Amino acid sequence: MSTRMKLENKGGYRLLLAVNMKKFKYLDYYIFIPYLVLSIIGILMVYSASSYIAISQYDDSQRYFIRQAFFVILGLVTSMFVFLFKYKLLKNKRFLVIASGLIAVLLIYLFFFGKVTNGAKGWIFILGFGFQPAEFAKIVVIWYFAYIFSKKQNQLVHNFKETVTPPLTLFGFYLLLILLQPDVGGAAILLVTGTIMILASGVSTKLAATVGALGIALIGGILALVRTFGMSLPLIEKYQYDRFLAFWDPFAVSESAGLQLVNSYYALRRGGLFGVGIGESIQKTGYLPEPYTDFIMSIIGEEMGFVGILVIIALFGLLILRIYLVGIRAKDSFGSLLCIGIATMLLVQGLVNLGGVIGLMPITGVTFPFISYGGSSTIVLTISIGLVLNVSAADKRIVS
């Protein structure tokens with residue numbers, strides 16, 4: 001390569017870097033700051049909630065704290081990379097096909113070769129770190145639906161069945177494999193998110209109302225069937241039925257299936273309005289299983305009180321509302337659907353977690369976004385934030 005070409009290439013890299021750096025002036029701080037604050041709170045509370053268990057099991061009180069800090073930093077870098085990624089490349093069909101195919105392969109691998117961990121084949125372990133393909137399936141489905149439905153909005157109105165059949169085939173395939181792990185919580189989040197995206201893509205109000213009514217009837221019907229027939233139903237495992245028993249009357253099974261929920265109530269009651277102080281939780285010392293994942297909000301309620309939970313919910317709500325607003329204001333349907341899907345995913349995941357913590361729905365093992373410990377969840381959530389920031393920046397650049 002000639003000296004001139006080397007200089008030209010070097011200049012091109014500098015120009016590309018300069019263009020990318022200029023993109024930071026379009027960073028949406030109403031999204032970035034709540035996300036960052038929630039992540040920092042998550043690191044601190046994972047340390048507080050996990051220190052007792054970590055020192056008991058590994059003789060290292062900072063084990064989960066260090067890992068969560070690593071996940072958050074890695075996620076921050078990943079979100080900035082996705083933010084700086086050229087917006088038009090997000091609509092590249094080749095990238096989407098590769099991502100969809102990779103997730104399908106990983107889910108199939110889990111079905112045949114996955115090892116059972118906590119009652120489910122949900123994890124793939126590499127170098128001591130595990131990741132959950134089902135978590136990555138969420139963002140791939142949102143990306144895929146946004147791409148397909150943004151290109152076929154007219155067909156959705158006039159030929160709804162023919163238009164949705166191909167994407168629903170892949171969607172149903174993902175759902176089936178996730179349910180077979182089994183991961184009911186992950187499948188529920190995926191199902192609701194996908195449904196909302198379809199309804200937001202331009203279908204008729206009558207169809208949207210029909211789907212909503214059918215969804216409510218389906219949930220009510222499943223609960224009625226489980227309560228009537230219990231474990232005699234196909235595909236219902238004992239631990240899953242136990243979760244329903246705990247949901248209906250946790251104190252009646254407080255020594256077994258209701259242990260988590262009862263101790264969650266104790267934690268929230270002890271915390272009161274302002275909490276007993278960070279690090280002073282009793283329930284995390286062996287009374288409440290998994291205090292740093294599914295039930296971290298119970299520990300936050302005990303240590304930081306109702307006020308602490310309200311602060312987190314307020315930040316989380318601000319983040320979701322801003323993402324919905326970016327989606328509503330987006331200049332193209334792809335960006336709009338992408339934001340609506342991501343905001344819905346966050347909203348549903350947060351509600352399912354809180355619903356389990358306070359007993360409004362059965363426990364599903366779903367974590368609270370940005371707060372609970374978890375590598376796969378943290379990375380997927382930060383990728384989602386990067387995508388939304390990219391959409392927001394693209395719209396701001398058009399306006400300016």
# chains A, B, ... in the order shown; residues from 1 in each chain; ligands from 1
call {"tool": "residues_around", "arguments": {"residues": "Ser377 (chain A)", "least_positions_apart": "2", "cutoff": "9 Å", "atoms": "only C-alpha atoms", "output": "list in words"}}
result
Phe131, Gln132, Glu135, Phe136, Thr367, Pro369, Phe370, Ser372, Tyr373, Gly374, Gly375, Ile379, Val380, Leu381 and Thr382 of chain A
call {"tool": "residues_around", "arguments": {"residues": "Val164 (chain A)", "least_positions_apart": "4", "cutoff": "10 Å", "atoms": "only C-alpha atoms", "output": "ChimeraX atom specification"}}
result
/A:145,148-149,152,155-156,159-160,168-169,198
call {"tool": "closest_atom_pairs", "arguments": {"of": "region 118-204 of chain A", "to": "region 344-355 of chain A", "cutoff": "10 Å", "atoms": "only C-alpha atoms", "output": "CSV"}}
result
residue,atom,partner,partner_atom,distance
A:Lys138,CA,A:Met345,CA,7.9
A:Ile139,CA,A:Met345,CA,8.8
A:Ile142,CA,A:Met345,CA,8.8
A:Gly185,CA,A:Val352,CA,7.9
A:Gly186,CA,A:Gln349,CA,8.5
A:Ala188,CA,A:Val348,CA,8.8
A:Ile189,CA,A:Val348,CA,6.1
A:Leu190,CA,A:Met345,CA,7.5
A:Leu191,CA,A:Met345,CA,9.7
A:Val192,CA,A:Val348,CA,7.6
A:Thr193,CA,A:Met345,CA,5.6
A:Gly194,CA,A:Met345,CA,8.9
A:Ile196,CA,A:Thr344,CA,7.5
A:Met197,CA,A:Thr344,CA,8.5
call {"tool": "select_by_dssp", "arguments": {"residues": "region 123-288 of chain A", "states": "helix (DSSP H, G or I)", "output": "short mmCIF file (atom, residue, chain, number, x, y, z; two decimals) with N, CA and C atoms, in the first residue's frame"}}
result
data_model
loop_
_atom_site.label_atom_id
_atom_site.label_comp_id
_atom_site.auth_asym_id
_atom_site.auth_seq_id
_atom_site.Cartn_x
_atom_site.Cartn_y
_atom_site.Cartn_z
N PRO A 133 -29.72 -17.60 26.40
CA PRO A 133 -30.17 -17.24 25.05
C PRO A 133 -31.58 -16.65 25.03
N ALA A 134 -32.43 -17.07 25.97
CA ALA A 134 -33.80 -16.54 26.01
C ALA A 134 -33.83 -15.04 26.24
N GLU A 135 -32.85 -14.53 27.00
CA GLU A 135 -32.78 -13.08 27.21
C GLU A 135 -32.47 -12.36 25.90
N PHE A 136 -31.55 -12.91 25.13
CA PHE A 136 -31.18 -12.28 23.85
C PHE A 136 -32.28 -12.45 22.81
N ALA A 137 -33.11 -13.49 22.97
CA ALA A 137 -34.24 -13.69 22.05
C ALA A 137 -35.21 -12.51 22.13
N LYS A 138 -35.34 -11.91 23.31
CA LYS A 138 -36.27 -10.78 23.47
C LYS A 138 -35.90 -9.63 22.54
N ILE A 139 -34.64 -9.23 22.55
CA ILE A 139 -34.25 -8.08 21.75
C ILE A 139 -34.23 -8.41 20.27
N VAL A 140 -33.92 -9.66 19.92
CA VAL A 140 -33.93 -10.07 18.52
C VAL A 140 -35.35 -10.05 17.97
N VAL A 141 -36.32 -10.52 18.77
CA VAL A 141 -37.72 -10.49 18.34
C VAL A 141 -38.20 -9.05 18.14
N ILE A 142 -37.84 -8.17 19.07
CA ILE A 142 -38.23 -6.76 18.94
C ILE A 142 -37.63 -6.16 17.67
N TRP A 143 -36.36 -6.41 17.44
CA TRP A 143 -35.67 -5.92 16.24
C TRP A 143 -36.33 -6.48 14.98
N TYR A 144 -36.61 -7.78 14.98
CA TYR A 144 -37.19 -8.47 13.82
C TYR A 144 -38.59 -7.93 13.52
N PHE A 145 -39.43 -7.80 14.55
CA PHE A 145 -40.78 -7.29 14.34
C PHE A 145 -40.75 -5.85 13.84
N ALA A 146 -39.86 -5.03 14.42
CA ALA A 146 -39.76 -3.64 13.97
C ALA A 146 -39.38 -3.56 12.50
N TYR A 147 -38.47 -4.42 12.09
CA TYR A 147 -38.02 -4.43 10.68
C TYR A 147 -39.15 -4.89 9.75
N ILE A 148 -39.79 -6.02 10.07
CA ILE A 148 -40.83 -6.59 9.20
C ILE A 148 -42.06 -5.70 9.12
N PHE A 149 -42.57 -5.29 10.29
CA PHE A 149 -43.82 -4.54 10.30
C PHE A 149 -43.67 -3.11 9.78
N SER A 150 -42.46 -2.54 9.90
CA SER A 150 -42.25 -1.19 9.35
C SER A 150 -42.23 -1.22 7.82
N LYS A 151 -41.90 -2.35 7.24
CA LYS A 151 -41.85 -2.47 5.78
C LYS A 151 -43.19 -2.89 5.18
N GLN A 153 -46.54 -2.10 6.49
CA GLN A 153 -47.66 -1.52 7.23
C GLN A 153 -48.95 -1.51 6.41
N ASN A 154 -48.84 -1.26 5.10
CA ASN A 154 -50.04 -1.29 4.26
C ASN A 154 -50.63 -2.69 4.18
N GLN A 155 -49.74 -3.68 4.04
CA GLN A 155 -50.21 -5.07 3.97
C GLN A 155 -50.87 -5.51 5.28
N LEU A 156 -50.38 -4.95 6.40
CA LEU A 156 -50.96 -5.31 7.70
C LEU A 156 -52.44 -4.93 7.77
N VAL A 157 -52.79 -3.82 7.14
CA VAL A 157 -54.16 -3.34 7.18
C VAL A 157 -55.06 -4.16 6.26
N HIS A 158 -54.54 -4.49 5.07
CA HIS A 158 -55.38 -5.13 4.05
C HIS A 158 -55.24 -6.65 4.01
N PHE A 160 -53.84 -8.86 6.74
CA PHE A 160 -53.21 -9.07 8.05
C PHE A 160 -52.70 -10.49 8.21
N LYS A 161 -53.52 -11.47 7.90
CA LYS A 161 -53.15 -12.87 8.13
C LYS A 161 -51.92 -13.26 7.33
N GLU A 162 -51.89 -12.92 6.05
CA GLU A 162 -50.75 -13.29 5.20
C GLU A 162 -49.48 -12.57 5.62
N THR A 163 -49.63 -11.35 6.14
CA THR A 163 -48.47 -10.53 6.50
C THR A 163 -47.82 -11.01 7.80
N VAL A 164 -48.64 -11.39 8.78
CA VAL A 164 -48.08 -11.75 10.09
C VAL A 164 -47.67 -13.22 10.17
N THR A 165 -48.10 -14.04 9.23
CA THR A 165 -47.80 -15.47 9.33
C THR A 165 -46.29 -15.77 9.36
N PRO A 166 -45.46 -15.22 8.43
CA PRO A 166 -44.02 -15.52 8.48
C PRO A 166 -43.34 -15.08 9.78
N PRO A 167 -43.53 -13.81 10.23
CA PRO A 167 -42.86 -13.44 11.49
C PRO A 167 -43.40 -14.20 12.70
N LEU A 168 -44.69 -14.52 12.69
CA LEU A 168 -45.26 -15.26 13.82
C LEU A 168 -44.75 -16.70 13.87
N THR A 169 -44.34 -17.23 12.74
CA THR A 169 -43.77 -18.58 12.72
C THR A 169 -42.47 -18.63 13.51
N LEU A 170 -41.58 -17.67 13.23
CA LEU A 170 -40.33 -17.59 14.00
C LEU A 170 -40.61 -17.27 15.46
N PHE A 171 -41.54 -16.36 15.67
CA PHE A 171 -41.91 -15.95 17.03
C PHE A 171 -42.42 -17.15 17.83
N GLY A 172 -43.31 -17.92 17.22
CA GLY A 172 -43.85 -19.10 17.88
C GLY A 172 -42.79 -20.16 18.14
N PHE A 173 -41.83 -20.29 17.24
CA PHE A 173 -40.73 -21.23 17.41
C PHE A 173 -39.89 -20.86 18.62
N TYR A 174 -39.55 -19.58 18.75
CA TYR A 174 -38.81 -19.09 19.92
C TYR A 174 -39.60 -19.35 21.20
N LEU A 175 -40.89 -19.00 21.17
CA LEU A 175 -41.73 -19.15 22.36
C LEU A 175 -41.79 -20.61 22.81
N LEU A 176 -41.95 -21.51 21.85
CA LEU A 176 -42.05 -22.93 22.19
C LEU A 176 -40.77 -23.43 22.85
N LEU A 177 -39.62 -23.09 22.28
CA LEU A 177 -38.35 -23.54 22.83
C LEU A 177 -38.08 -22.95 24.21
N ILE A 178 -38.51 -21.70 24.42
CA ILE A 178 -38.32 -21.07 25.73
C ILE A 178 -39.26 -21.70 26.76
N LEU A 179 -40.49 -22.00 26.36
CA LEU A 179 -41.43 -22.66 27.27
C LEU A 179 -40.96 -24.06 27.64
N VAL A 184 -41.24 -19.85 31.92
CA VAL A 184 -42.57 -19.28 31.72
C VAL A 184 -42.52 -17.76 31.79
N GLY A 185 -41.72 -17.22 32.71
CA GLY A 185 -41.61 -15.77 32.84
C GLY A 185 -41.06 -15.12 31.59
N GLY A 186 -39.97 -15.69 31.06
CA GLY A 186 -39.37 -15.15 29.83
C GLY A 186 -40.31 -15.25 28.66
N ALA A 187 -41.03 -16.37 28.55
CA ALA A 187 -41.99 -16.56 27.46
C ALA A 187 -43.14 -15.55 27.57
N ALA A 188 -43.59 -15.27 28.80
CA ALA A 188 -44.69 -14.33 29.00
C ALA A 188 -44.28 -12.92 28.58
N ILE A 189 -43.06 -12.52 28.94
CA ILE A 189 -42.57 -11.19 28.56
C ILE A 189 -42.48 -11.09 27.04
N LEU A 190 -41.95 -12.13 26.41
CA LEU A 190 -41.82 -12.15 24.96
C LEU A 190 -43.18 -12.10 24.28
N LEU A 191 -44.14 -12.86 24.81
CA LEU A 191 -45.48 -12.91 24.22
C LEU A 191 -46.18 -11.56 24.30
N VAL A 192 -46.15 -10.93 25.47
CA VAL A 192 -46.82 -9.64 25.63
C VAL A 192 -46.15 -8.57 24.78
N THR A 193 -44.81 -8.56 24.78
CA THR A 193 -44.08 -7.57 23.99
C THR A 193 -44.38 -7.72 22.50
N GLY A 194 -44.33 -8.94 22.01
CA GLY A 194 -44.62 -9.19 20.59
C GLY A 194 -46.04 -8.80 20.23
N THR A 195 -46.99 -9.10 21.12
CA THR A 195 -48.39 -8.77 20.86
C THR A 195 -48.60 -7.27 20.79
N ILE A 196 -48.00 -6.54 21.73
CA ILE A 196 -48.13 -5.07 21.73
C ILE A 196 -47.52 -4.47 20.47
N MET A 197 -46.40 -5.01 20.02
CA MET A 197 -45.77 -4.50 18.80
C MET A 197 -46.65 -4.72 17.58
N ILE A 198 -47.31 -5.88 17.51
CA ILE A 198 -48.23 -6.14 16.41
C ILE A 198 -49.39 -5.16 16.44
N LEU A 199 -49.94 -4.93 17.63
CA LEU A 199 -51.07 -4.02 17.78
C LEU A 199 -50.67 -2.57 17.47
N ALA A 200 -49.40 -2.24 17.73
CA ALA A 200 -48.93 -0.86 17.49
C ALA A 200 -48.49 -0.63 16.06
N THR A 205 -58.48 -1.00 15.23
CA THR A 205 -58.83 -0.91 16.65
C THR A 205 -59.67 -2.11 17.09
N LYS A 206 -60.54 -2.58 16.19
CA LYS A 206 -61.39 -3.73 16.50
C LYS A 206 -60.55 -4.98 16.76
N LEU A 207 -59.54 -5.18 15.91
CA LEU A 207 -58.67 -6.34 16.07
C LEU A 207 -57.86 -6.23 17.36
N ALA A 208 -57.37 -5.02 17.64
CA ALA A 208 -56.59 -4.79 18.86
C ALA A 208 -57.42 -5.10 20.10
N ALA A 209 -58.68 -4.63 20.11
CA ALA A 209 -59.56 -4.89 21.25
C ALA A 209 -59.85 -6.38 21.39
N THR A 210 -60.03 -7.06 20.27
CA THR A 210 -60.31 -8.50 20.29
C THR A 210 -59.13 -9.28 20.86
N VAL A 211 -57.93 -8.93 20.39
CA VAL A 211 -56.73 -9.61 20.89
C VAL A 211 -56.55 -9.37 22.39
N GLY A 212 -56.77 -8.12 22.82
CA GLY A 212 -56.65 -7.80 24.25
C GLY A 212 -57.63 -8.61 25.10
N ALA A 213 -58.88 -8.71 24.64
CA ALA A 213 -59.89 -9.46 25.37
C ALA A 213 -59.53 -10.95 25.42
N LEU A 214 -59.05 -11.48 24.31
CA LEU A 214 -58.65 -12.89 24.25
C LEU A 214 -57.48 -13.16 25.19
N GLY A 215 -56.54 -12.21 25.26
CA GLY A 215 -55.39 -12.37 26.16
C GLY A 215 -55.81 -12.44 27.62
N ILE A 216 -56.71 -11.54 28.01
CA ILE A 216 -57.20 -11.55 29.39
C ILE A 216 -57.96 -12.84 29.69
N ALA A 217 -58.79 -13.28 28.73
CA ALA A 217 -59.55 -14.51 28.92
C ALA A 217 -58.62 -15.72 29.01
N LEU A 218 -57.54 -15.71 28.23
CA LEU A 218 -56.59 -16.82 28.24
C LEU A 218 -55.90 -16.93 29.60
N ILE A 219 -55.46 -15.79 30.14
CA ILE A 219 -54.79 -15.79 31.45
C ILE A 219 -55.74 -16.28 32.53
N GLY A 220 -56.98 -15.77 32.51
CA GLY A 220 -57.97 -16.20 33.49
C GLY A 220 -58.28 -17.68 33.36
N GLY A 221 -58.35 -18.16 32.12
CA GLY A 221 -58.63 -19.57 31.89
C GLY A 221 -57.53 -20.48 32.39
N ILE A 222 -56.28 -20.08 32.17
CA ILE A 222 -55.14 -20.88 32.64
C ILE A 222 -55.13 -20.97 34.16
N LEU A 223 -55.36 -19.84 34.84
CA LEU A 223 -55.40 -19.85 36.30
C LEU A 223 -56.53 -20.75 36.82
N ALA A 224 -57.67 -20.69 36.15
CA ALA A 224 -58.81 -21.52 36.57
C ALA A 224 -58.51 -23.01 36.37
N LEU A 225 -57.88 -23.34 35.25
CA LEU A 225 -57.54 -24.74 34.97
C LEU A 225 -56.53 -25.29 35.98
N VAL A 226 -55.51 -24.48 36.28
CA VAL A 226 -54.49 -24.92 37.23
C VAL A 226 -55.10 -25.11 38.61
N ARG A 227 -55.98 -24.20 38.99
CA ARG A 227 -56.59 -24.30 40.33
C ARG A 227 -57.52 -25.51 40.42
N THR A 228 -58.16 -25.85 39.32
CA THR A 228 -59.11 -26.97 39.33
C THR A 228 -58.44 -28.33 39.20
N PHE A 229 -57.47 -28.42 38.28
CA PHE A 229 -56.89 -29.73 37.97
C PHE A 229 -55.47 -29.92 38.49
N GLY A 230 -54.80 -28.84 38.87
CA GLY A 230 -53.47 -28.94 39.47
C GLY A 230 -52.47 -29.67 38.61
N MET A 231 -51.73 -30.58 39.22
CA MET A 231 -50.63 -31.27 38.53
C MET A 231 -51.11 -32.34 37.56
N SER A 232 -52.41 -32.59 37.49
CA SER A 232 -52.91 -33.53 36.50
C SER A 232 -52.90 -32.94 35.10
N LYS A 238 -44.11 -29.98 39.33
CA LYS A 238 -44.45 -29.77 40.74
C LYS A 238 -44.03 -28.39 41.22
N TYR A 239 -42.79 -27.95 40.87
CA TYR A 239 -42.33 -26.65 41.35
C TYR A 239 -43.16 -25.51 40.77
N GLN A 240 -43.69 -25.72 39.55
CA GLN A 240 -44.55 -24.70 38.96
C GLN A 240 -45.89 -24.64 39.68
N TYR A 241 -46.45 -25.81 39.99
CA TYR A 241 -47.71 -25.84 40.73
C TYR A 241 -47.54 -25.25 42.13
N ASP A 242 -46.38 -25.49 42.73
CA ASP A 242 -46.09 -24.93 44.05
C ASP A 242 -46.13 -23.41 44.02
N ARG A 243 -45.68 -22.84 42.91
CA ARG A 243 -45.70 -21.37 42.79
C ARG A 243 -47.13 -20.84 42.76
N PHE A 244 -48.03 -21.60 42.14
CA PHE A 244 -49.43 -21.20 42.15
C PHE A 244 -50.01 -21.31 43.56
N LEU A 245 -49.65 -22.37 44.28
CA LEU A 245 -50.12 -22.53 45.67
C LEU A 245 -49.65 -21.36 46.53
N ALA A 246 -48.39 -20.96 46.33
CA ALA A 246 -47.85 -19.83 47.08
C ALA A 246 -48.55 -18.53 46.72
N PHE A 247 -48.96 -18.41 45.47
CA PHE A 247 -49.66 -17.21 45.01
C PHE A 247 -51.05 -17.13 45.64
N TRP A 248 -51.76 -18.27 45.72
CA TRP A 248 -53.12 -18.27 46.25
C TRP A 248 -53.15 -18.09 47.76
N PRO A 250 -49.94 -17.95 50.44
CA PRO A 250 -48.54 -18.20 50.80
C PRO A 250 -48.35 -18.65 52.25
N PHE A 251 -49.19 -18.15 53.17
CA PHE A 251 -49.01 -18.49 54.58
C PHE A 251 -49.43 -19.93 54.88
N ALA A 252 -50.29 -20.49 54.02
CA ALA A 252 -50.69 -21.89 54.21
C ALA A 252 -49.56 -22.85 53.86
N VAL A 253 -48.62 -22.39 53.05
CA VAL A 253 -47.47 -23.23 52.65
C VAL A 253 -46.17 -22.47 52.96
N LEU A 259 -42.42 -19.96 51.10
CA LEU A 259 -41.32 -19.41 51.89
C LEU A 259 -40.82 -18.08 51.34
N GLN A 260 -40.60 -18.03 50.02
CA GLN A 260 -40.07 -16.80 49.42
C GLN A 260 -41.02 -15.62 49.62
N LEU A 261 -42.28 -15.83 49.29
CA LEU A 261 -43.24 -14.73 49.35
C LEU A 261 -43.48 -14.27 50.79
N VAL A 262 -43.59 -15.20 51.72
CA VAL A 262 -43.80 -14.84 53.12
C VAL A 262 -42.63 -14.02 53.64
N ASN A 263 -41.41 -14.45 53.33
CA ASN A 263 -40.24 -13.69 53.78
C ASN A 263 -40.10 -12.36 53.05
N SER A 264 -40.62 -12.29 51.84
CA SER A 264 -40.66 -11.01 51.13
C SER A 264 -41.57 -10.04 51.87
N TYR A 265 -42.74 -10.54 52.32
CA TYR A 265 -43.65 -9.71 53.11
C TYR A 265 -42.98 -9.23 54.40
N TYR A 266 -42.27 -10.13 55.06
CA TYR A 266 -41.59 -9.76 56.30
C TYR A 266 -40.55 -8.65 56.06
N ALA A 267 -39.83 -8.79 54.95
CA ALA A 267 -38.81 -7.79 54.62
C ALA A 267 -39.44 -6.42 54.37
N LEU A 268 -40.51 -6.41 53.59
CA LEU A 268 -41.17 -5.14 53.26
C LEU A 268 -41.80 -4.51 54.50
N ARG A 269 -42.38 -5.36 55.34
CA ARG A 269 -43.01 -4.84 56.57
C ARG A 269 -41.96 -4.28 57.52
N ARG A 270 -40.84 -4.96 57.64
CA ARG A 270 -39.78 -4.50 58.55
C ARG A 270 -39.18 -3.18 58.07
N GLY A 271 -39.08 -3.03 56.76
CA GLY A 271 -38.49 -1.81 56.21
C GLY A 271 -39.33 -0.57 56.45
#
call {"tool": "residues_around", "arguments": {"residues": "region 54-59 of chain A", "least_positions_apart": "6", "cutoff": "10 Å", "atoms": "only C-alpha atoms", "output": "list in words"}}
result
Tyr47, Phe65, Thr285 and Gly286 of chain A
call {"tool": "residues_around", "arguments": {"residues": "Ile300 (chain A)", "least_positions_apart": "4", "cutoff": "10 Å", "atoms": "only C-alpha atoms", "output": "number ranges by chain"}}
result
A: 42, 45-46, 48-49, 267-268, 271, 275-279, 281, 291-292, 295-296, 304-309, 312, 371
call {"tool": "residues_around", "arguments": {"residues": "Gln181 (chain A)", "least_positions_apart": "4", "cutoff": "8 Å", "atoms": "only C-alpha atoms", "output": "PyMOL selection string"}}
result
chain A and resi 110-111+120-122+177
call {"tool": "closest_residue", "arguments": {"among": "A:Lys88, A:Ser79, A:Ile31, A:Ser298", "to": "Ile320 (chain A)", "atoms": "only C-alpha atoms"}}
result
A:Ile31
call {"tool": "atom_distance", "arguments": {"atom1": "CA of Phe112 (chain A)", "atom2": "CA of Pro182 (chain A)"}}
result
13.1 Å
call {"tool": "select_by_dssp", "arguments": {"residues": "region 40-182 of chain A", "states": "strand (DSSP E or B)", "output": "number ranges by chain"}}
result
A: 117, 120, 124-126, 129-131
call {"tool": "closest_residue", "arguments": {"among": "A:Glu237, A:Leu310, A:Ser50, A:Val82", "to": "Tyr64 (chain A)", "atoms": "only C-alpha atoms"}}
result
A:Ser50
call {"tool": "atom_distance", "arguments": {"atom1": "CA of Pro362 (chain A)", "atom2": "CA of Phe125 (chain A)"}}
result
28.1 Å
call {"tool": "residues_around", "arguments": {"residues": "region 384-391 of chain A", "least_positions_apart": "5", "cutoff": "9 Å", "atoms": "only C-alpha atoms", "output": "VMD selection string"}}
result
chain A and resid 26 to 28 31 to 32 35 76 78 to 87 90 139 323 326 to 327 330 335 to 336 338 to 339 342 379 396
call {"tool": "closest_residue", "arguments": {"among": "A:Lys331, A:Ile124, A:Ala99, A:Phe113", "to": "Arg397 (chain A)", "atoms": "only C-alpha atoms"}}
result
A:Lys331
call {"tool": "atom_distance", "arguments": {"atom1": "CA of Leu36 (chain A)", "atom2": "CA of Thr293 (chain A)"}}
result
18.8 Å
